[in-house]
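Reading through the structure tokens given below for one structure.
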Amino acid sequence: MSVGKRSGDSSSNRAPSRFARFALALAHHAPLAIACWVVIALAGVLLAPRFDEALTGPPLLVDDSASARAQALIEAEFDRPFTEQDLIVFESETLTADDPAFQRVVDDAIDNVSRLPLVVSVVAPSDPRAVSQVSAEGHVAAAVVFLSGSSAERQELTPRLTSAAASAASDEVRVYVTGRSPLITELVVQERADLARAERLGLPAALLILVIASRTLIAAALPIGLALLGGIVTFGVLGAVSGLMSFNLFVPNVATMIGLGVGIDYSLFLITRYREELARLENPAEAVAGAVATVGKAIVVSGATTILSLAGLLLVNAQIFRELAVGAMTAVAVMVLAALTLLPPVLALLGHRIERVRLPLPRLSTRGGVWARWATIVMQRPGWWALASILIVLVLAAPVTRLQLGLDTDTAGLEKRSATVGREILEREFNEGRISPLQVVYVSEDGPLDDADLDAIARLSELLANDWAAVEVTSVTTLMDQYAGAHSLAILERAAAIPQVVAAVGDLINVDGGRNVAIIRAVPRFSPDTPEPVQFVRRVRERMVPRVLAEHGVDAEVVVGGLSAQIVDITDESLRKLPLVAGFIVGLTFLLLALIFRSIVIPIKAILMNVLSIAAAYGLLVVVFQEGAGANVFDFQATGSTQVYLPLLTFAVLFGLSMDYEVFLLGRIKEEWELSGDNKVAVARGLQRTAGVITAAAAIMVAVFAAFTFARLMEVKQLGFSLAAAVLVDATLIRIIFVPAAMQLMGEWNWWFPAWLDRRLPRVDLSEGSEVDAAAAEHPVSSSPHNRTIAVEFELRRSEADSESVGIHSTGQGEQGDP
């Protein structure tokens with residue numbers, strides 16, 4: 001076997017670090033670098049509104065799924081296909097739907113709405129095609145509006161649609177418009193309010209933690225400023241590409257949540273190392289180079305790992321995952337670039353002024369005795385500490401076995417506007433299934449529909465109507481049976497010659513397009529996002545359709561579409577792709593960590609711990625949100641399910657974010673291992689020097705993520721909570737307890753790496769060695785009177801490490817303060 005070698009002795013022969021040279025160049029051209037970022041930020045300000053204006057509802061269609069096939073058939077086979085069914089809700093406390101004054105409001109509203117673009121047709125409460133569109137007491141009526149166009153086009157139409165209908169209202173009759181696009185429009189408004197609220201809560205909390213950790217206002221303010229500027233640039237970049245792809249209304253929250261978290265953390269790590277280097281070297285430019293040569297590499301590795309983890313979501317054949325992935329990846333990439341190209345020149349210009357405006361707070365040293373003592377305590381009984389931390393994590397993760405995926409489109413958290421109030425009235429007087437009925441698309445494979453096809457459609461309509469989950473079923477055969485007393489090809493051909501009949505059934509059969517496609521519309525008894533309609537879809541697909549095709553022997557394709565069918569398809573796709581996405585992320589993580597740390601054990605341990613911390617977050621999510629334990633604290637009503645796309649999204653995000661602490665902690669441990677060659681010394685000093693800043697960084701991430709749990713949208717609440725819980729578990733039980741215990745237990749096996757593989761793989765070194773010295777020797781800054789030879793400092797540091805190792809072994813004490 002081959003155990004990793006100490007590299008300190010040969011470091012003086014290494015070529016100058018690109019990171020060090022790059023940082024020194026930025027330091028010498030600081031005004032120019034900052035000016036470039038000012039221009040980029042201004043461009044972001046100009047482009048960000050395009051991103052905000054282009055937000056749409058969450059697209060739930062899965063590529064090549066049955067529901068996508070149904071939607072494609074409807075759009076291709078019908079002259080004016082409808083892609084959405086909205087409702088105009090009329091309510092009066094004194095009048096009924098039979099009163100002339102009530103009818104005038106209904107007629108005026110329908111007349112106004114019918115003139116709008118994208119409106120395919122409107123079915124009035126009194127229309128012969130209308131079924132159960134007037135409440136039992138007659139005080140509420142509903143008109144069905146069929147819309148065409150894309151999601152963005154329908155959403156853009158919503159204000160005009162609502163205004164056109166509401167303009168017909170009277171003092172006695174109120175008018176509301178509800179449906180998918182009207183509700184999405186109100187969700188977008190709520191999303192903006194949630195985002196603003198989360199920033200108002202999270203940023204002050206993050207600033208307070210930074211002030212306590214740094215004890216100086218300037219050092220505390222820099223990470224907040226960089227994260228905010230990075231957010232503007234992120235939205236600008238997404239605005240620039242919004243013409244090429246759409247983004248759903250949850251992308252801003254996800255991008256902001258992750259961008260703020262990693263942006264502040266990256267800045268904190270770099271500023272902390274810069275202040276260490278500045279105290280040691282005196283020269284700001286060299287201090288910047290020293291910080292970037294070490295922490296800068298870790299930021300690149302951490303950011304790359306996070307981006308690659310998020311890229312795993314692109315393997316899912318669903319647009320919503322692609323949109324969320326692109327938004328989050330853009331946020332991380334911008335924050336990495338800002339930390340490496342904006343923060344260094346800012347630090348170089350500030351120089352020693354970063355230490356000004358100090359506050360009289362207790363000193364929280366990242367290298368103080370408390371963490372040295374803690375490291376010693378853990379390493380004295382590593383087996384017990386490792387076992388205890390694992391058991392706690394397993395207890396937290398246990399409820400994950402009860403995880404139930406679903407999609408909650410409940411509007412309880414929204415302010416009472418037209419769409420929300422209209423939906424509540426529908427739920428009270430009728431049923432919510434009218435907002436998005438099932439659409440069973442029947443396609444004859446052997447030409448126009450014949451009598452056998454019509455019999456099959458009639459039988460399928462009968463099975464649907466007899467199912468307890470359906471309240472209304474409409475098809476071309478149900479209409480023929482209702483008005484002609486029977487269904488047959490002859491009756492259909494006679495009806496096709498009557499324009500009024502063609503207009504009435506034009507959305508149920510492609511009369512003018514080959515007459516080979518028919519739609520059976522089934523209104524579910526419950527909201528389309530509840531378990532009952534979802535199970536209804538499965539019964540239709542797995543039992544009813546095969547039964548009808550077998551009984552009638554027809555050559556036909558039958559697919560089920562609609563919101564409930566889309567939920568079924570995206571749930572199945574998420575579960576089907578979870579192993580693939582997880583394998584992709586785990587494999588890449590292993591390769592990166594093995595390459596960086598020249599170890600087999602460390603990547604395996606890191607992956608196992610990441611999986612456990614994510615499972616713990618899922619377990620807490622199930623208890624707090626799915627089962628409602630936190631309903632009073634976070635102000636929501638439990639639905640018994642977890643949003644269908646959250647597990648995959650949080651897995652990708654958390655696997656990437658957990659690498660932050662893994663890379664920064666183990667990077668410093670590896671650096672100390674190369675200095676001392678003693679695993680125990682390396683673990684103790686690595687923890688001693690990073691535990692404080694990791695704790696502060698984790699507290700900041702938890703504060704930022706937790707702020708989103710007070711949003712009103714359930715998806716945002718759940719995502720914020722799961723991320724905050726995972727980071728808290730990861731930075732405490734995993735990084736501060738299990739990692740040092742496991743590192744001590746494994747000893748030098750931590751650094752075992754096959755010799756043949758070590759010779760063939762490129763090296764990625766996170767420690768600076770003499771890279772800063774080599775870069776400074778080539779750069780004019782080396783002539784500065786403040787410059788001290790890095791090589792001498794490096795040798796002094798090695799001597800200091802050797803002397804401190806004695807203290808760790810004998811007394812358990814390391815350094816008692818910063819240099």
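We name chains A, B, ... following the order of the structure tokens; residues begin at 1 in each chain, and ligands are numbered from 1 as shown.
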- request: Write down as a list in words the residues of range 492-539 of chain A whose backbone DSSP state falls under strand (DSSP E or B).
  value: Ile509, Val517, Ala518, Ile519, Ile520, Arg521, Ala522, Val523 and Pro524 of chain A
Residues within 12 Å of Ser150 in chain A, please, as a short mmCIF file (atom, residue, chain, number, x, y, z; two decimals) with N, CA, C and O atoms, in the first residue's frame. Count only C-alpha atoms; anything in the same chain fewer than 6 positions from it doesn't count.
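Generated file (out_6.cif):
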```cif
data_model
loop_
_atom_site.label_atom_id
_atom_site.label_comp_id
_atom_site.auth_asym_id
_atom_site.auth_seq_id
_atom_site.Cartn_x
_atom_site.Cartn_y
_atom_site.Cartn_z
N THR A 56 -43.22 31.64 -14.49
CA THR A 56 -44.47 30.92 -14.76
C THR A 56 -44.74 29.95 -13.61
O THR A 56 -43.96 29.84 -12.66
N GLY A 57 -45.84 29.25 -13.71
CA GLY A 57 -46.14 28.23 -12.72
C GLY A 57 -45.21 27.04 -12.87
O GLY A 57 -44.56 26.86 -13.91
N PRO A 59 -43.91 23.82 -14.07
CA PRO A 59 -44.29 22.89 -15.14
C PRO A 59 -44.15 21.45 -14.66
O PRO A 59 -43.06 21.01 -14.31
N GLN A 71 -51.38 15.71 -23.80
CA GLN A 71 -51.38 17.14 -24.10
C GLN A 71 -50.94 17.40 -25.54
O GLN A 71 -51.52 18.25 -26.23
N GLU A 75 -53.20 19.22 -28.57
CA GLU A 75 -52.72 20.41 -29.29
C GLU A 75 -52.58 20.15 -30.78
O GLU A 75 -52.79 21.06 -31.60
N PRO A 81 -57.32 23.84 -29.73
CA PRO A 81 -57.21 23.01 -28.53
C PRO A 81 -57.15 23.88 -27.28
O PRO A 81 -56.56 24.95 -27.28
N PHE A 82 -57.78 23.40 -26.24
CA PHE A 82 -57.65 24.14 -24.98
C PHE A 82 -56.60 23.44 -24.13
O PHE A 82 -56.50 22.21 -24.09
N THR A 83 -55.77 24.23 -23.49
CA THR A 83 -54.70 23.71 -22.65
C THR A 83 -54.97 23.98 -21.18
O THR A 83 -54.19 23.56 -20.32
N GLU A 84 -56.06 24.70 -20.90
CA GLU A 84 -56.38 25.00 -19.50
C GLU A 84 -57.87 25.26 -19.38
O GLU A 84 -58.51 25.78 -20.30
N LEU A 118 -57.02 33.78 -26.93
CA LEU A 118 -56.73 32.51 -26.24
C LEU A 118 -57.98 31.84 -25.67
O LEU A 118 -57.91 30.70 -25.23
N GLU A 156 -50.03 35.69 -18.81
CA GLU A 156 -50.07 37.10 -19.21
C GLU A 156 -51.50 37.57 -19.43
O GLU A 156 -51.84 38.72 -19.20
N LEU A 157 -52.36 36.64 -19.86
CA LEU A 157 -53.77 36.98 -20.10
C LEU A 157 -54.55 37.13 -18.80
O LEU A 157 -55.58 37.82 -18.77
N SER A 181 -53.83 29.23 -14.14
CA SER A 181 -53.08 30.46 -14.40
C SER A 181 -53.43 31.59 -13.43
O SER A 181 -52.53 32.28 -12.95
N SER A 246 -37.77 28.98 -19.99
CA SER A 246 -38.64 29.57 -18.98
C SER A 246 -38.18 29.18 -17.59
O SER A 246 -37.41 28.23 -17.41
#
```
statement: Counting only C-alpha atoms, the residue among A:Ala550, A:Val622, A:Leu657, A:Met480 that lies closest to Ala697 in chain A is A:Leu657
Name the residues in contact with Ile320 in chain A at a cut-off of 10 Å, using only C-alpha atoms, excluding same-chain residues fewer than 6 positions from it; report them as a PDB file with N, CA, C and O atoms, in the first residue's frame.
```
ATOM      1  N   GLY A  57     -45.838  29.251 -13.709  1.00  0.00           N
ATOM      2  CA  GLY A  57     -46.135  28.230 -12.719  1.00  0.00           C
ATOM      3  C   GLY A  57     -45.215  27.035 -12.874  1.00  0.00           C
ATOM      4  O   GLY A  57     -44.563  26.861 -13.905  1.00  0.00           O
ATOM      5  N   PRO A  58     -45.142  26.190 -11.853  1.00  0.00           N
ATOM      6  CA  PRO A  58     -44.258  25.018 -11.945  1.00  0.00           C
ATOM      7  C   PRO A  58     -44.719  24.062 -13.033  1.00  0.00           C
ATOM      8  O   PRO A  58     -45.839  23.548 -12.977  1.00  0.00           O
ATOM      9  N   PRO A  59     -43.906  23.820 -14.066  1.00  0.00           N
ATOM     10  CA  PRO A  59     -44.291  22.892 -15.143  1.00  0.00           C
ATOM     11  C   PRO A  59     -44.146  21.453 -14.662  1.00  0.00           C
ATOM     12  O   PRO A  59     -43.056  21.007 -14.314  1.00  0.00           O
ATOM     13  N   LEU A  60     -45.228  20.720 -14.675  1.00  0.00           N
ATOM     14  CA  LEU A  60     -45.219  19.368 -14.121  1.00  0.00           C
ATOM     15  C   LEU A  60     -45.147  18.283 -15.186  1.00  0.00           C
ATOM     16  O   LEU A  60     -45.080  17.100 -14.859  1.00  0.00           O
ATOM     17  N   LEU A  61     -45.184  18.657 -16.461  1.00  0.00           N
ATOM     18  CA  LEU A  61     -45.121  17.651 -17.512  1.00  0.00           C
ATOM     19  C   LEU A  61     -43.766  16.950 -17.514  1.00  0.00           C
ATOM     20  O   LEU A  61     -42.722  17.587 -17.355  1.00  0.00           O
ATOM     21  N   VAL A  62     -43.795  15.651 -17.697  1.00  0.00           N
ATOM     22  CA  VAL A  62     -42.588  14.839 -17.815  1.00  0.00           C
ATOM     23  C   VAL A  62     -42.406  14.475 -19.277  1.00  0.00           C
ATOM     24  O   VAL A  62     -43.357  14.052 -19.945  1.00  0.00           O
ATOM     25  N   SER A 246     -37.769  28.976 -19.985  1.00  0.00           N
ATOM     26  CA  SER A 246     -38.645  29.573 -18.984  1.00  0.00           C
ATOM     27  C   SER A 246     -38.176  29.178 -17.588  1.00  0.00           C
ATOM     28  O   SER A 246     -37.407  28.226 -17.412  1.00  0.00           O
ATOM     29  N   PHE A 247     -38.660  29.911 -16.594  1.00  0.00           N
ATOM     30  CA  PHE A 247     -38.350  29.618 -15.203  1.00  0.00           C
ATOM     31  C   PHE A 247     -39.633  29.689 -14.388  1.00  0.00           C
ATOM     32  O   PHE A 247     -40.452  30.590 -14.578  1.00  0.00           O
ATOM     33  N   ASN A 248     -39.777  28.729 -13.480  1.00  0.00           N
ATOM     34  CA  ASN A 248     -40.991  28.722 -12.675  1.00  0.00           C
ATOM     35  C   ASN A 248     -40.830  29.608 -11.456  1.00  0.00           C
ATOM     36  O   ASN A 248     -39.728  30.051 -11.107  1.00  0.00           O
ATOM     37  N   PHE A 250     -40.677  29.224  -8.364  1.00  0.00           N
ATOM     38  CA  PHE A 250     -39.875  28.842  -7.210  1.00  0.00           C
ATOM     39  C   PHE A 250     -38.376  29.028  -7.444  1.00  0.00           C
ATOM     40  O   PHE A 250     -37.590  28.944  -6.504  1.00  0.00           O
ATOM     41  N   VAL A 251     -37.968  29.279  -8.678  1.00  0.00           N
ATOM     42  CA  VAL A 251     -36.547  29.468  -8.979  1.00  0.00           C
ATOM     43  C   VAL A 251     -35.956  30.654  -8.219  1.00  0.00           C
ATOM     44  O   VAL A 251     -34.845  30.546  -7.681  1.00  0.00           O
ATOM     45  N   LEU A 313     -29.619  16.885 -11.470  1.00  0.00           N
ATOM     46  CA  LEU A 313     -31.054  17.086 -11.692  1.00  0.00           C
ATOM     47  C   LEU A 313     -31.398  17.141 -13.173  1.00  0.00           C
ATOM     48  O   LEU A 313     -32.553  16.920 -13.551  1.00  0.00           O
ATOM     49  N   LEU A 314     -30.421  17.450 -14.006  1.00  0.00           N
ATOM     50  CA  LEU A 314     -30.672  17.511 -15.443  1.00  0.00           C
ATOM     51  C   LEU A 314     -30.950  16.133 -16.030  1.00  0.00           C
ATOM     52  O   LEU A 314     -31.415  16.021 -17.167  1.00  0.00           O
ATOM     53  N   ILE A 570     -44.871  12.768 -12.706  1.00  0.00           N
ATOM     54  CA  ILE A 570     -43.664  13.383 -12.148  1.00  0.00           C
ATOM     55  C   ILE A 570     -43.239  12.676 -10.865  1.00  0.00           C
ATOM     56  O   ILE A 570     -42.047  12.598 -10.548  1.00  0.00           O
ATOM     57  N   TYR A 645     -41.121  17.192  -5.793  1.00  0.00           N
ATOM     58  CA  TYR A 645     -39.798  17.458  -6.340  1.00  0.00           C
ATOM     59  C   TYR A 645     -38.766  17.832  -5.274  1.00  0.00           C
ATOM     60  O   TYR A 645     -37.590  18.047  -5.588  1.00  0.00           O
TER      61      TYR A 645
END
```
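Using only C-alpha atoms for every distance, the candidate list A:Ala348, A:Gln535, A:Arg547, A:Leu308 yields A:Leu308 as the residue closest to Ala582 in chain A.
Close contacts of Arg200 in chain A, defined as residues with an atom at most 10 Å away when counting only C-alpha atoms, with chain neighbours fewer than 6 positions off set aside, comprise A:Asp194, A:Val704, A:Ala707.
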File of the preceding selection, N, CA and C atoms, as a PDB file, in the first residue's frame:
```
ATOM      1  N   ASP A 194     -42.716  36.542  -0.096  1.00  0.00           N
ATOM      2  CA  ASP A 194     -41.973  35.585   0.723  1.00  0.00           C
ATOM      3  C   ASP A 194     -40.477  35.831   0.641  1.00  0.00           C
ATOM      4  N   VAL A 704     -30.047  31.799   7.285  1.00  0.00           N
ATOM      5  CA  VAL A 704     -30.570  32.177   5.965  1.00  0.00           C
ATOM      6  C   VAL A 704     -31.656  31.199   5.528  1.00  0.00           C
ATOM      7  N   ALA A 707     -34.948  31.298   7.622  1.00  0.00           N
ATOM      8  CA  ALA A 707     -35.805  32.452   7.365  1.00  0.00           C
ATOM      9  C   ALA A 707     -36.887  32.128   6.344  1.00  0.00           C
TER      10      ALA A 707
END
```
message: Excluding Val145 in chain A and its own-chain neighbours fewer than 5 positions away, which residues fall within 6 Å of it when counting only C-alpha atoms? Please give them as a list in words.
response: Gln85, Asp86, Leu87 and Val122 of chain A
Export, as a PDB file, in the first residue's frame, the selected residues with C-alpha atoms.
```pdb
ATOM      1  CA  GLN A  85     -59.823  25.115 -17.948  1.00  0.00           C
ATOM      2  CA  ASP A  86     -60.562  28.147 -15.760  1.00  0.00           C
ATOM      3  CA  LEU A  87     -63.782  29.092 -14.057  1.00  0.00           C
ATOM      4  CA  VAL A 122     -67.093  29.403 -22.572  1.00  0.00           C
TER       5      VAL A 122
END
```
message: Can you tell me which residues surround range 20-34 of chain A at a distance of at most 7 Å, considering only C-alpha atoms, apart from same-chain residues fewer than 4 positions away, and format the answer as JSON, numbers by chain?
response: {"A": [38, 285, 286, 288, 289, 290, 292, 293, 342, 344, 345, 346, 348, 349, 771, 772, 775]}
- request: Go through A:Ser163, A:Gln103, A:Thr158, A:Ser302 and flag the residue nearest Val140 in chain A, using only C-alpha atoms for the distances.
  value: A:Gln103
message: So that I can check the surroundings of Leu116 in chain A, please list as a PyMOL selection string every protein, DNA and RNA residue that reaches within 10 Å of it, counting only C-alpha atoms and ignoring chain neighbours fewer than 3 positions away.
response: chain A and resi 111-113+119-120+147+157+160-161+164
Store the residues picked out above, limited to N, CA, C and O atoms, as an mmCIF file, in the first residue's frame.
```
data_model
loop_
_atom_site.group_PDB
_atom_site.id
_atom_site.type_symbol
_atom_site.label_atom_id
_atom_site.label_comp_id
_atom_site.auth_asym_id
_atom_site.auth_seq_id
_atom_site.Cartn_x
_atom_site.Cartn_y
_atom_site.Cartn_z
ATOM 1 N N ASP A 111 -69.788 37.421 -22.164
ATOM 2 C CA ASP A 111 -69.596 38.192 -23.396
ATOM 3 C C ASP A 111 -68.242 38.902 -23.381
ATOM 4 O O ASP A 111 -67.525 38.912 -24.390
ATOM 5 N N ASN A 112 -67.874 39.489 -22.248
ATOM 6 C CA ASN A 112 -66.584 40.182 -22.138
ATOM 7 C C ASN A 112 -65.413 39.209 -22.295
ATOM 8 O O ASN A 112 -64.436 39.498 -23.002
ATOM 9 N N VAL A 113 -65.525 38.073 -21.643
ATOM 10 C CA VAL A 113 -64.426 37.109 -21.662
ATOM 11 C C VAL A 113 -64.283 36.454 -23.035
ATOM 12 O O VAL A 113 -63.166 36.192 -23.503
ATOM 13 N N VAL A 119 -59.141 32.536 -25.664
ATOM 14 C CA VAL A 119 -60.365 31.936 -25.142
ATOM 15 C C VAL A 119 -60.982 31.086 -26.249
ATOM 16 O O VAL A 119 -61.456 31.595 -27.269
ATOM 17 N N VAL A 120 -60.958 29.759 -26.052
ATOM 18 C CA VAL A 120 -61.482 28.839 -27.058
ATOM 19 C C VAL A 120 -63.006 28.819 -27.021
ATOM 20 O O VAL A 120 -63.679 28.933 -28.045
ATOM 21 N N LEU A 147 -59.107 27.730 -22.317
ATOM 22 C CA LEU A 147 -58.048 28.593 -22.831
ATOM 23 C C LEU A 147 -57.035 27.789 -23.633
ATOM 24 O O LEU A 147 -56.763 26.626 -23.323
ATOM 25 N N LEU A 157 -52.364 36.637 -19.860
ATOM 26 C CA LEU A 157 -53.768 36.980 -20.104
ATOM 27 C C LEU A 157 -54.553 37.126 -18.803
ATOM 28 O O LEU A 157 -55.581 37.821 -18.772
ATOM 29 N N ARG A 160 -56.188 40.465 -17.630
ATOM 30 C CA ARG A 160 -57.259 40.906 -18.515
ATOM 31 C C ARG A 160 -58.497 40.033 -18.332
ATOM 32 O O ARG A 160 -59.630 40.529 -18.352
ATOM 33 N N LEU A 161 -58.279 38.723 -18.165
ATOM 34 C CA LEU A 161 -59.389 37.802 -17.969
ATOM 35 C C LEU A 161 -60.143 38.131 -16.677
ATOM 36 O O LEU A 161 -61.377 38.216 -16.661
ATOM 37 N N ALA A 164 -61.927 41.523 -17.132
ATOM 38 C CA ALA A 164 -63.092 41.447 -18.030
ATOM 39 C C ALA A 164 -64.283 40.819 -17.322
ATOM 40 O O ALA A 164 -65.424 41.284 -17.466
#
```
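When only C-alpha atoms are used to compute distances to Thr162 in chain A, the closest of the residues A:Ile88, A:Val568, A:Ala220, A:Leu723 turns out to be A:Ile88.
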task: Enumerate the residues of range 402-619 of chain A with a DSSP assignment of helix (DSSP H, G or I), computed from the backbone, and present them as a ChimeraX atom specification.
output: /A:402,418-429,432-435,451-466,476-484,489-495,499-505,531-552,563-597,601-619
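Note that the spacing between CA of Arg402 in chain A and CA of Val537 in chain A amounts to 22.7 Å.
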